>>> print(open('start_4.csv').read())   # CSV, C-alpha atoms and all ligand atoms
chain,number,residue,atom,x,y,z
A,1,MET,CA,304.9,51.6,55.9
A,2,THR,CA,302.6,49.5,58.1
A,3,THR,CA,302.4,45.8,59.0
A,4,GLN,CA,299.4,45.6,56.6
A,5,ASN,CA,301.9,45.4,53.8
A,6,ALA,CA,302.6,41.8,54.9
A,7,ILE,CA,299.6,40.6,52.7
A,8,ASN,CA,300.9,42.2,49.5
A,9,PHE,CA,304.5,41.2,50.2
A,10,ARG,CA,303.3,37.6,50.6
A,11,ARG,CA,301.3,37.6,47.4
A,12,GLU,CA,304.2,38.9,45.4
A,13,LEU,CA,306.7,36.5,47.0
A,14,HIS,CA,304.2,33.6,46.4
A,15,ASN,CA,304.6,34.1,42.6
A,16,LEU,CA,308.4,34.1,42.8
A,17,ALA,CA,308.5,30.6,44.5
A,18,GLU,CA,312.0,29.1,44.2
A,19,LEU,CA,313.5,25.9,45.4
A,20,SER,CA,316.0,25.6,48.3
A,21,LYS,CA,319.4,27.2,47.4
A,22,HIS,CA,317.9,28.8,44.3
A,23,GLU,CA,316.1,31.7,46.0
A,24,GLU,CA,317.7,34.3,43.7
A,25,LYS,CA,314.6,36.3,42.7
A,26,THR,CA,313.1,36.0,46.1
A,27,SER,CA,316.3,37.4,47.7
A,28,GLN,CA,316.4,40.2,45.2
A,29,TYR,CA,312.8,41.2,45.8
A,30,ILE,CA,313.3,41.3,49.6
A,31,ALA,CA,316.6,43.2,49.3
A,32,THR,CA,315.0,45.8,47.1
A,33,LYS,CA,312.1,46.3,49.5
A,34,LEU,CA,314.5,46.6,52.4
A,35,ARG,CA,316.6,49.2,50.6
A,36,GLU,CA,313.5,51.2,49.7
A,37,MET,CA,312.9,51.3,53.4
A,38,GLY,CA,316.4,52.8,53.9
A,39,PHE,CA,318.2,49.7,55.3
A,40,THR,CA,321.7,48.6,54.5
A,41,VAL,CA,321.4,45.0,53.3
A,42,LYS,CA,324.1,42.3,53.4
A,43,GLU,CA,323.5,39.9,50.6
A,44,HIS,CA,324.8,36.4,49.7
A,45,VAL,CA,325.1,35.2,53.3
A,46,GLY,CA,325.1,31.4,53.2
A,47,GLY,CA,323.9,31.4,49.6
A,48,PHE,CA,321.0,33.8,48.9
A,49,GLY,CA,320.6,34.8,52.5
A,50,LEU,CA,320.1,38.4,53.6
A,51,VAL,CA,321.1,40.1,56.8
A,52,VAL,CA,320.0,43.6,58.1
A,53,ASP,CA,321.2,45.0,61.4
A,54,ILE,CA,319.1,47.5,63.2
A,55,ASP,CA,321.3,49.1,65.9
A,56,SER,CA,319.7,51.2,68.7
A,57,GLY,CA,323.1,52.7,69.5
A,58,VAL,CA,322.6,51.7,73.1
A,59,PRO,CA,324.3,48.7,74.7
A,60,GLY,CA,322.1,45.6,75.0
A,61,PRO,CA,321.4,42.1,73.7
A,62,THR,CA,321.3,41.2,70.0
A,63,LEU,CA,318.0,39.6,68.9
A,64,MET,CA,318.0,37.7,65.6
A,65,LEU,CA,314.7,37.4,63.9
A,66,ARG,CA,314.7,34.7,61.3
A,67,ALA,CA,312.4,34.0,58.3
A,68,ASP,CA,312.8,31.3,55.7
A,69,MET,CA,312.3,31.9,52.0
A,70,ASP,CA,312.4,28.6,50.0
A,71,ALA,CA,309.6,26.7,48.3
A,72,LEU,CA,309.1,22.9,47.7
A,73,PRO,CA,309.4,20.9,44.5
A,74,TYR,CA,306.3,19.2,42.9
A,75,VAL,CA,305.8,17.5,39.6
A,76,SER,CA,304.3,19.9,37.1
A,77,GLU,CA,300.7,19.1,36.1
A,78,GLU,CA,301.2,20.5,32.6
A,79,ASP,CA,304.6,18.7,32.0
A,80,PRO,CA,305.2,15.7,34.3
A,81,SER,CA,308.8,15.7,33.3
A,82,LYS,CA,309.4,19.0,35.1
A,83,LEU,CA,309.5,20.0,38.7
A,84,ILE,CA,308.0,23.2,39.8
A,85,ALA,CA,308.4,25.2,43.0
A,86,ILE,CA,305.3,25.8,45.1
A,87,HIS,CA,305.2,27.7,48.5
A,88,ALA,CA,303.4,24.8,50.2
A,89,CYS,CA,305.1,25.4,53.6
A,90,GLY,CA,304.3,29.1,53.9
A,91,HIS,CA,307.9,30.4,53.8
A,92,ASP,CA,306.6,33.2,51.6
A,93,ALA,CA,304.4,34.2,54.5
A,94,HIS,CA,307.3,34.2,56.9
A,95,SER,CA,309.5,36.4,54.8
A,96,ALA,CA,306.5,38.8,54.2
A,97,VAL,CA,305.8,39.0,58.0
A,98,LEU,CA,309.4,39.9,58.8
A,99,LEU,CA,309.7,42.3,55.9
A,100,ALA,CA,306.5,44.1,57.0
A,101,SER,CA,307.8,44.5,60.5
A,102,ALA,CA,311.2,45.9,59.6
A,103,GLN,CA,310.4,49.7,59.7
A,104,THR,CA,308.3,49.6,62.8
A,105,ILE,CA,311.1,47.7,64.6
A,106,LYS,CA,313.4,50.6,63.9
A,107,ASP,CA,310.9,52.9,65.7
A,108,VAL,CA,310.4,50.7,68.8
A,109,ILE,CA,314.0,49.5,69.5
A,110,LYS,CA,315.6,51.5,72.4
A,111,LYS,CA,318.6,49.2,73.3
A,112,GLY,CA,320.7,46.5,71.8
A,113,LYS,CA,320.4,45.3,68.2
A,114,VAL,CA,317.9,43.4,66.0
A,115,ARG,CA,319.3,41.3,63.2
A,116,LEU,CA,316.8,40.5,60.5
A,117,VAL,CA,317.7,37.3,58.8
A,118,PHE,CA,316.1,36.0,55.6
A,119,GLN,CA,317.3,32.4,55.3
A,120,PRO,CA,317.5,30.2,52.2
A,121,GLY,CA,317.6,26.4,52.1
A,122,GLU,CA,315.3,25.5,55.1
A,123,GLU,CA,313.7,22.6,53.3
A,124,SER,CA,317.1,21.2,52.3
A,125,LEU,CA,318.2,21.6,56.0
A,126,SER,CA,321.2,23.5,54.9
A,127,GLY,CA,320.4,27.2,55.1
A,128,ALA,CA,320.9,27.7,58.9
A,129,LEU,CA,324.3,25.9,58.7
A,130,ASP,CA,325.4,27.8,55.6
A,131,MET,CA,324.5,31.2,57.2
A,132,THR,CA,326.2,30.2,60.4
A,133,LYS,CA,329.4,29.4,58.5
A,134,ASP,CA,329.1,32.9,57.0
A,135,GLY,CA,329.0,34.4,60.5
A,136,VAL,CA,325.3,35.2,61.0
A,137,LEU,CA,325.4,34.2,64.7
A,138,GLU,CA,328.3,36.5,65.6
A,139,GLY,CA,327.3,38.6,68.5
A,140,VAL,CA,323.7,37.1,68.6
A,141,ASP,CA,322.3,36.4,72.1
A,142,ILE,CA,318.7,35.5,71.2
A,143,ALA,CA,317.2,33.9,68.1
A,144,CYS,CA,313.5,33.9,67.3
A,145,GLY,CA,311.8,32.0,64.4
A,146,PHE,CA,308.1,31.5,63.5
A,147,HIS,CA,305.9,29.4,61.3
A,148,ILE,CA,302.3,29.4,60.1
A,149,ARG,CA,300.3,26.4,61.4
A,150,PRO,CA,297.7,24.2,59.9
A,151,ILE,CA,294.1,24.4,61.1
A,152,GLN,CA,294.4,20.9,62.7
A,153,ASP,CA,297.1,22.3,65.1
A,154,MET,CA,295.8,25.7,66.1
A,155,PRO,CA,292.6,27.7,65.6
A,156,PHE,CA,292.8,30.5,63.1
A,157,GLY,CA,293.8,33.8,64.7
A,158,THR,CA,295.6,32.2,67.7
A,159,PHE,CA,299.4,32.1,68.4
A,160,CYS,CA,301.6,29.8,70.5
A,161,SER,CA,304.9,30.5,72.0
A,162,ALA,CA,306.6,27.3,71.0
A,163,ILE,CA,306.3,24.8,68.1
A,164,THR,CA,307.4,21.5,69.5
A,165,HIS,CA,309.5,20.3,66.5
A,166,VAL,CA,311.2,16.9,66.6
A,167,ALA,CA,314.8,15.8,66.3
A,168,CYS,CA,315.1,13.6,63.2
A,169,ALA,CA,317.6,11.7,61.2
A,170,THR,CA,317.9,9.4,58.2
A,171,ILE,CA,320.0,6.3,58.8
A,172,GLU,CA,321.3,4.2,55.9
A,173,VAL,CA,322.7,0.8,56.5
A,174,GLU,CA,324.4,-1.1,53.7
A,175,ILE,CA,324.7,-4.8,54.5
A,176,LYS,CA,327.3,-6.7,52.4
A,177,GLY,CA,326.9,-10.5,52.3
A,178,ARG,CA,328.5,-13.1,50.0
A,179,GLN,CA,327.0,-14.3,46.8
A,180,ALA,CA,326.3,-18.0,46.3
A,181,HIS,CA,324.2,-20.4,44.2
A,182,ALA,CA,320.7,-20.6,45.9
A,183,ALA,CA,321.2,-24.4,46.0
A,184,ARG,CA,324.2,-23.9,48.2
A,185,PRO,CA,323.1,-21.1,50.6
A,186,HIS,CA,325.6,-22.3,53.3
A,187,LEU,CA,328.5,-21.2,51.1
A,188,GLY,CA,327.1,-17.6,51.0
A,189,ILE,CA,326.0,-15.0,53.4
A,190,ASN,CA,322.5,-13.8,52.7
A,191,PRO,CA,322.2,-10.1,53.3
A,192,ILE,CA,318.4,-10.2,52.9
A,193,GLU,CA,318.2,-12.5,56.0
A,194,ALA,CA,320.5,-10.2,57.8
A,195,ALA,CA,318.3,-7.2,56.8
A,196,VAL,CA,315.2,-8.9,58.1
A,197,GLN,CA,316.9,-9.6,61.4
A,198,TYR,CA,318.1,-6.0,61.6
A,199,ILE,CA,314.7,-4.5,60.9
A,200,THR,CA,313.2,-6.9,63.6
A,201,THR,CA,315.9,-6.0,66.1
A,202,VAL,CA,315.5,-2.3,65.6
A,203,GLY,CA,311.7,-2.7,65.8
A,204,LEU,CA,312.1,-4.3,69.2
A,205,MET,CA,314.4,-1.6,70.7
A,206,LYS,CA,313.2,0.0,73.9
A,207,VAL,CA,313.6,3.7,74.7
A,208,ASN,CA,312.0,5.7,77.5
A,209,PRO,CA,308.2,5.3,76.9
A,210,ASN,CA,307.5,8.7,78.5
A,211,LYS,CA,309.1,10.4,75.5
A,212,SER,CA,307.8,10.2,72.0
A,213,TRP,CA,310.0,8.7,69.3
A,214,SER,CA,309.6,6.5,66.2
A,215,ILE,CA,311.8,4.4,63.9
A,216,LYS,CA,310.5,3.3,60.5
A,217,PRO,CA,312.3,1.4,57.7
A,218,THR,CA,311.6,3.6,54.6
A,219,GLN,CA,313.7,1.9,51.8
A,220,ILE,CA,315.0,-1.5,51.0
A,221,HIS,CA,317.1,-2.3,47.9
A,222,SER,CA,319.0,-5.3,46.7
A,223,GLU,CA,320.5,-6.3,43.4
A,224,LYS,CA,318.4,-7.3,40.4
A,225,GLY,CA,319.3,-10.4,38.4
A,226,ALA,CA,319.0,-14.1,39.0
A,227,THR,CA,316.3,-15.1,41.5
A,228,ASN,CA,318.2,-18.3,42.2
A,229,SER,CA,321.3,-16.6,43.5
A,230,ILE,CA,322.1,-15.3,47.0
A,231,PRO,CA,322.5,-11.5,46.5
A,232,SER,CA,325.6,-9.6,47.6
A,233,PHE,CA,324.1,-6.6,49.3
A,234,VAL,CA,321.0,-4.9,50.8
A,235,LYS,CA,320.7,-1.2,51.4
A,236,LEU,CA,318.2,-0.1,54.0
A,237,ALA,CA,317.1,3.4,55.0
A,238,PHE,CA,315.3,4.4,58.2
A,239,ASP,CA,313.5,7.5,59.2
A,240,VAL,CA,314.1,8.2,63.0
A,241,ARG,CA,312.3,10.9,65.0
A,242,ALA,CA,312.4,11.8,68.7
A,243,GLN,CA,311.0,14.4,71.0
A,244,ASP,CA,314.5,15.7,71.9
A,245,ASN,CA,318.1,15.4,70.9
A,246,GLU,CA,319.0,13.1,73.8
A,247,VAL,CA,316.5,10.4,72.8
A,248,LEU,CA,317.5,10.7,69.2
A,249,ASN,CA,321.1,10.1,70.1
A,250,GLU,CA,320.2,7.1,72.3
A,251,ILE,CA,318.3,5.5,69.4
A,252,LEU,CA,321.1,6.2,66.9
A,253,SER,CA,323.7,4.6,69.2
A,254,LYS,CA,321.5,1.6,69.7
A,255,MET,CA,321.0,1.2,66.0
A,256,LYS,CA,324.7,1.3,65.4
A,257,ALA,CA,325.3,-1.3,68.1
A,258,ALA,CA,322.6,-3.5,66.5
A,259,SER,CA,324.4,-3.1,63.2
A,260,ASP,CA,327.8,-4.1,64.8
A,261,GLY,CA,326.0,-7.1,66.4
A,262,LEU,CA,324.7,-8.2,63.0
A,263,GLU,CA,328.2,-8.3,61.6
A,264,ILE,CA,329.2,-10.7,64.4
A,265,SER,CA,326.1,-13.0,64.2
A,266,PHE,CA,325.8,-13.1,60.3
A,267,GLY,CA,329.3,-12.4,59.2
A,268,THR,CA,328.2,-9.5,57.0
A,269,GLN,CA,330.1,-6.3,56.5
A,270,ASN,CA,328.0,-3.3,57.3
A,271,TYR,CA,328.3,0.4,56.5
A,272,PHE,CA,326.2,2.5,58.9
A,273,GLU,CA,325.7,6.2,58.1
A,274,ARG,CA,323.6,9.1,59.3
A,275,THR,CA,322.9,10.7,56.0
A,276,GLU,CA,320.4,13.4,57.2
A,277,PHE,CA,320.1,15.1,60.6
A,278,CYS,CA,318.1,17.9,62.1
A,279,PRO,CA,318.3,18.7,65.8
A,280,GLY,CA,315.2,19.2,67.9
A,281,PRO,CA,314.3,22.4,69.8
A,282,ASP,CA,315.8,23.4,73.1
A,283,TYR,CA,313.8,26.6,73.9
A,284,ASP,CA,314.6,29.1,76.6
A,285,LYS,CA,311.8,28.9,79.2
A,286,GLU,CA,312.0,32.6,80.1
A,287,LEU,CA,311.7,33.6,76.4
A,288,MET,CA,308.7,31.3,76.0
A,289,LYS,CA,307.1,33.0,79.0
A,290,THR,CA,307.8,36.4,77.5
A,291,MET,CA,306.3,35.3,74.2
A,292,ASP,CA,303.2,34.1,76.0
A,293,GLU,CA,302.8,37.4,77.7
A,294,THR,CA,303.4,39.3,74.5
A,295,ILE,CA,300.7,37.3,72.7
A,296,LYS,CA,298.2,37.9,75.5
A,297,GLU,CA,298.9,41.6,75.7
A,298,GLN,CA,298.7,42.0,72.0
A,299,PHE,CA,295.7,39.9,71.1
A,300,GLY,CA,294.0,39.0,74.4
A,301,GLU,CA,294.0,35.8,76.6
A,302,GLN,CA,291.8,33.9,74.0
A,303,ALA,CA,294.5,34.2,71.3
A,304,LEU,CA,297.1,32.1,73.2
A,305,ALA,CA,297.2,28.6,72.0
A,306,ALA,CA,299.0,25.6,73.6
A,307,PRO,CA,302.4,24.6,72.1
A,308,CYS,CA,301.8,22.2,69.2
A,309,GLY,CA,303.8,19.8,67.3
A,310,GLY,CA,305.4,19.8,63.9
A,311,GLY,CA,308.1,18.1,61.8
A,312,GLY,CA,311.8,19.0,61.7
A,313,GLU,CA,313.1,22.6,61.4
A,314,ASP,CA,316.6,23.6,60.5
A,315,PHE,CA,316.3,26.7,62.7
A,316,HIS,CA,317.5,24.5,65.6
A,317,PHE,CA,320.9,24.2,64.0
A,318,TYR,CA,321.5,27.7,65.3
A,319,LYS,CA,321.3,26.5,68.9
A,320,HIS,CA,323.1,23.3,68.0
A,321,SER,CA,326.0,25.4,66.6
A,322,LYS,CA,326.0,27.9,69.5
A,323,PRO,CA,324.8,26.3,72.7
A,324,GLU,CA,324.7,29.5,74.7
A,325,LEU,CA,322.1,31.0,72.2
A,326,ARG,CA,318.7,31.4,73.7
A,327,THR,CA,315.9,30.5,71.3
A,328,VAL,CA,312.1,30.8,70.9
A,329,TYR,CA,309.9,29.9,68.0
A,330,PHE,CA,306.3,31.0,67.8
A,331,GLY,CA,303.4,29.6,65.8
A,332,ILE,CA,300.8,31.6,63.8
A,333,GLY,CA,297.3,30.0,63.6
A,334,ALA,CA,296.8,30.8,59.9
A,335,GLY,CA,294.1,28.2,59.2
A,336,ALA,CA,296.3,26.4,56.6
A,337,THR,CA,294.5,23.6,54.8
A,338,PRO,CA,294.7,20.7,53.9
A,339,GLY,CA,298.1,20.8,55.5
A,340,LEU,CA,301.7,22.0,55.1
A,341,HIS,CA,303.6,20.4,52.3
A,342,ASP,CA,300.4,19.7,50.4
A,343,ARG,CA,300.8,21.2,46.9
A,344,ASN,CA,297.3,22.8,47.3
A,345,MET,CA,298.1,24.3,50.7
A,346,THR,CA,296.3,27.6,51.3
A,347,PHE,CA,295.7,29.8,54.3
A,348,ASP,CA,293.9,33.0,55.2
A,349,ASP,CA,296.5,35.6,54.7
A,350,SER,CA,294.5,38.3,56.7
A,351,ILE,CA,296.4,36.9,59.7
A,352,LEU,CA,299.8,38.1,58.4
A,353,PRO,CA,299.8,41.7,59.7
A,354,SER,CA,299.1,40.3,63.2
A,355,GLY,CA,302.2,38.1,62.7
A,356,SER,CA,304.2,41.3,62.0
A,357,ASP,CA,302.6,43.1,65.0
A,358,LEU,CA,303.6,40.2,67.2
A,359,VAL,CA,307.2,40.4,65.9
A,360,VAL,CA,307.3,44.1,66.7
A,361,ALA,CA,305.7,43.7,70.1
A,362,PHE,CA,308.2,41.0,71.0
A,363,VAL,CA,311.1,43.3,70.0
A,364,LYS,CA,309.5,46.1,72.1
A,365,LYS,CA,309.2,43.8,75.1
A,366,LEU,CA,312.8,42.7,75.0
A,367,LEU,CA,314.6,45.8,73.6
A,368,GLY,CA,312.0,48.6,74.0
B,401,ZN,ZN,308.4,22.6,55.2
B,402,ZN,ZN,308.4,25.3,56.8
>>> encode(input="start_4.csv", output="structure tokens", more="lines below")
Ligand SMILES: [Zn+2]
Ligand SMILES: [Zn+2]
Amino acid sequence: MTTQNAINFRRELHNLAELSKHEEKTSQYIATKLREMGFTVKEHVGGFGLVVDIDSGVPGPTLMLRADMDALPYVSEEDPSKLIAIHACGHDAHSAVLLASAQTIKDVIKKGKVRLVFQPGEESLSGALDMTKDGVLEGVDIACGFHIRPIQDMPFGTFCSAITHVACATIEVEIKGRQAHAARPHLGINPIEAAVQYITTVGLMKVNPNKSWSIKPTQIHSEKGATNSIPSFVKLAFDVRAQDNEVLNEILSKMKAASDGLEISFGTQNYFERTEFCPGPDYDKELMKTMDETIKEQFGEQALAAPCGGGGEDFHFYKHSKPELRTVYFGIGAGATPGLHDRNMTFDDSILPSGSDLVVAFVKKLLG
């Protein structure tokens, strides 16, 4: 068994693509391969998640290596009434990289434990939390994740020690007004006018300009029916992103205060809810340095790329759930085009064995 197997594993996993929380065949495939390698596999951890412990038998820290497994839904080109699963985020590659590194990890570990974690439900932002509920973090000191990167972020064949994900949230605000004949607007409370004011207020909010953040209204709904009647409600949705958790929390509390203020000034009744949330990264600086060194030693100075940005990642729920956990998350310059989450996303899979080699080298550095 060599790390070269990452390419074949990935090609086979690619054809099994399954949506978040439905990764049954993917999970079975990985479990079978792990058993063939002689590992004891714990199945159904947080849904279709898999856990394998590799114990050196010598006291030391426990390092969790996490790969995600799920694909994304797209409308079928043959039958537009159907959704199909496509590995457009490269999670097949991540599972393959971890799978191909498993046996060599067993050979290099000299102290502590490695916990291999194949996680379902990343795209639905539920898998890390579900696995945490099933105890995946028990005894874990360090967690390491990784992701392939698009060509715009990193040159092919390079690696970075940190992907600078963002903290993000969806905020939904329902504004209830009071219906009235449009000829007598003073007898009603127009929620559309309140919504316009709310969007304007939120758009004028100020947060530390040295940090990156954004707030965008993404949905607006009101009732259908007579156009000469003041409607009774408006529902708004906002996508909010920030460089770190602190800025995100500041924005959310200001948005809530603006909603409370609207109730006073317009007389509306508002329902403010955070319907989706994903924490941002809080990486361990020492581990980032160790990862930088490992990349340089393994592939040479020229292979080390600068940390680069990306969307949200549910991996950060691990740190959020267990604050003392030390985390790191490396990027693999896989030359992905045209971009992640594009249904036609492709990348050069000849990089995958190097991804597995990096995983092994990192284990050796920490626990060798
Ligand atoms: Zn994704
Ligand atoms: Zn992804």
>>> residues_near_ligand(input="start_4.csv", ligand="ligand ZN 401 (chain B)", cutoff="7 Å", atoms="all atoms listed in the file", output="count of residues only")
4
>>> residues_around(input="start_4.csv", residues="A:Ala334", least_positions_apart="5", cutoff="6 Å", atoms="only C-alpha atoms", output="PyMOL selection string")
chain A and resi 148-149+156+347-348
>>> atom_distance(input="start_4.csv", atom1="atom CA of A:Phe39", atom2="atom CA of A:Gly57")
15.3 Å
>>> residues_near_ligand(input="start_4.csv", ligand="ligand ZN 402 (chain B)", cutoff="10 Å", atoms="all atoms listed in the file", output="number ranges by chain")
A: 67-72, 87-92, 94, 122-123, 146-149, 310-315, 340-341
>>> closest_residue(input="start_4.csv", among="A:Phe233, A:Met291, A:His316, A:His14", to="A:Lys365", atoms="all atoms listed in the file")
A:Met291
>>> residues_around(input="start_4.csv", residues="stretch 196-209 of chain A", least_positions_apart="3", cutoff="8 Å", atoms="all atoms listed in the file", output="PDB file with C-alpha atoms, in the frame of the given file")
ATOM      1  CA  ILE A 192     318.400 -10.200  52.900  1.00  0.00           C
ATOM      2  CA  GLU A 193     318.200 -12.500  56.000  1.00  0.00           C
ATOM      3  CA  SER A 212     307.800  10.200  72.000  1.00  0.00           C
ATOM      4  CA  ILE A 215     311.800   4.400  63.900  1.00  0.00           C
ATOM      5  CA  PRO A 217     312.300   1.400  57.700  1.00  0.00           C
ATOM      6  CA  VAL A 247     316.500  10.400  72.800  1.00  0.00           C
ATOM      7  CA  GLU A 250     320.200   7.100  72.300  1.00  0.00           C
ATOM      8  CA  ILE A 251     318.300   5.500  69.400  1.00  0.00           C
ATOM      9  CA  LYS A 254     321.500   1.600  69.700  1.00  0.00           C
ATOM     10  CA  MET A 255     321.000   1.200  66.000  1.00  0.00           C
ATOM     11  CA  ALA A 258     322.600  -3.500  66.500  1.00  0.00           C
ATOM     12  CA  SER A 259     324.400  -3.100  63.200  1.00  0.00           C
ATOM     13  CA  LEU A 262     324.700  -8.200  63.000  1.00  0.00           C
TER      14      LEU A 262
END
>>> atom_distance(input="start_4.csv", atom1="atom CA of A:Gly331", atom2="atom CA of A:Leu304")
10.0 Å
>>> residues_around(input="start_4.csv", residues="A:Asp239", least_positions_apart="2", cutoff="10 Å", atoms="all atoms listed in the file", output="JSON list (two decimals) with C-alpha atoms, in the coordinates of the input")
[["chain", "number", "residue", "atom", "x", "y", "z"],
["A", 168, "CYS", "CA", 315.10, 13.60, 63.20],
["A", 169, "ALA", "CA", 317.60, 11.70, 61.20],
["A", 170, "THR", "CA", 317.90, 9.40, 58.20],
["A", 171, "ILE", "CA", 320.00, 6.30, 58.80],
["A", 172, "GLU", "CA", 321.30, 4.20, 55.90],
["A", 214, "SER", "CA", 309.60, 6.50, 66.20],
["A", 215, "ILE", "CA", 311.80, 4.40, 63.90],
["A", 216, "LYS", "CA", 310.50, 3.30, 60.50],
["A", 217, "PRO", "CA", 312.30, 1.40, 57.70],
["A", 218, "THR", "CA", 311.60, 3.60, 54.60],
["A", 219, "GLN", "CA", 313.70, 1.90, 51.80],
["A", 237, "ALA", "CA", 317.10, 3.40, 55.00],
["A", 241, "ARG", "CA", 312.30, 10.90, 65.00],
["A", 276, "GLU", "CA", 320.40, 13.40, 57.20]]
>>> closest_residue(input="start_4.csv", among="A:Val166, A:Leu252, A:Ile264, A:Val140", to="A:Lys322", atoms="only C-alpha atoms")
A:Val140
>>> residues_around(input="start_4.csv", residues="stretch 285-289 of chain A", least_positions_apart="6", cutoff="7 Å", atoms="all atoms listed in the file", output="count of residues only")
3
>>> closest_residue(input="start_4.csv", among="A:Ala128, A:Ala102, A:Ile189, A:Ala182", to="A:Ser356", atoms="only C-alpha atoms")
A:Ala102
>>> atom_distance(input="start_4.csv", atom1="atom CA of A:Thr327", atom2="atom CA of A:Pro150")
22.4 Å
>>> decode(input="start_4.csv", residues="stretch 314-326 of chain A", atoms="N, CA and C atoms", output="PDB file, in the first residue's frame")
ATOM      1  N   ASP A 314     -17.217  23.624   8.004  1.00  0.00           N
ATOM      2  CA  ASP A 314     -17.783  23.169   9.281  1.00  0.00           C
ATOM      3  C   ASP A 314     -16.739  22.514  10.189  1.00  0.00           C
ATOM      4  N   PHE A 315     -15.519  22.306   9.688  1.00  0.00           N
ATOM      5  CA  PHE A 315     -14.404  21.816  10.513  1.00  0.00           C
ATOM      6  C   PHE A 315     -14.243  22.682  11.761  1.00  0.00           C
ATOM      7  N   HIS A 316     -14.537  23.997  11.645  1.00  0.00           N
ATOM      8  CA  HIS A 316     -14.288  24.916  12.761  1.00  0.00           C
ATOM      9  C   HIS A 316     -15.283  24.746  13.914  1.00  0.00           C
ATOM     10  N   PHE A 317     -16.321  23.940  13.690  1.00  0.00           N
ATOM     11  CA  PHE A 317     -17.209  23.601  14.809  1.00  0.00           C
ATOM     12  C   PHE A 317     -16.483  22.748  15.854  1.00  0.00           C
ATOM     13  N   TYR A 318     -15.420  22.033  15.420  1.00  0.00           N
ATOM     14  CA  TYR A 318     -14.678  21.218  16.397  1.00  0.00           C
ATOM     15  C   TYR A 318     -14.058  22.120  17.468  1.00  0.00           C
ATOM     16  N   LYS A 319     -13.367  23.158  17.019  1.00  0.00           N
ATOM     17  CA  LYS A 319     -12.738  24.108  17.957  1.00  0.00           C
ATOM     18  C   LYS A 319     -13.816  24.858  18.763  1.00  0.00           C
ATOM     19  N   HIS A 320     -14.908  25.193  18.061  1.00  0.00           N
ATOM     20  CA  HIS A 320     -16.018  25.897  18.696  1.00  0.00           C
ATOM     21  C   HIS A 320     -16.614  25.051  19.820  1.00  0.00           C
ATOM     22  N   SER A 321     -16.664  23.725  19.601  1.00  0.00           N
ATOM     23  CA  SER A 321     -17.235  22.813  20.604  1.00  0.00           C
ATOM     24  C   SER A 321     -16.252  22.519  21.729  1.00  0.00           C
ATOM     25  N   LYS A 322     -14.939  22.591  21.422  1.00  0.00           N
ATOM     26  CA  LYS A 322     -13.917  22.236  22.417  1.00  0.00           C
ATOM     27  C   LYS A 322     -12.806  23.288  22.324  1.00  0.00           C
ATOM     28  N   PRO A 323     -12.947  24.410  23.045  1.00  0.00           N
ATOM     29  CA  PRO A 323     -12.035  25.547  22.877  1.00  0.00           C
ATOM     30  C   PRO A 323     -10.558  25.226  23.095  1.00  0.00           C
ATOM     31  N   GLU A 324     -10.253  24.218  23.919  1.00  0.00           N
ATOM     32  CA  GLU A 324      -8.834  23.906  24.178  1.00  0.00           C
ATOM     33  C   GLU A 324      -8.195  23.126  23.030  1.00  0.00           C
ATOM     34  N   LEU A 325      -9.000  22.693  22.070  1.00  0.00           N
ATOM     35  CA  LEU A 325      -8.478  21.951  20.918  1.00  0.00           C
ATOM     36  C   LEU A 325      -7.553  22.853  20.095  1.00  0.00           C
ATOM     37  N   ARG A 326      -6.410  22.307  19.658  1.00  0.00           N
ATOM     38  CA  ARG A 326      -5.502  23.065  18.781  1.00  0.00           C
ATOM     39  C   ARG A 326      -5.773  22.609  17.348  1.00  0.00           C
TER      40      ARG A 326
END
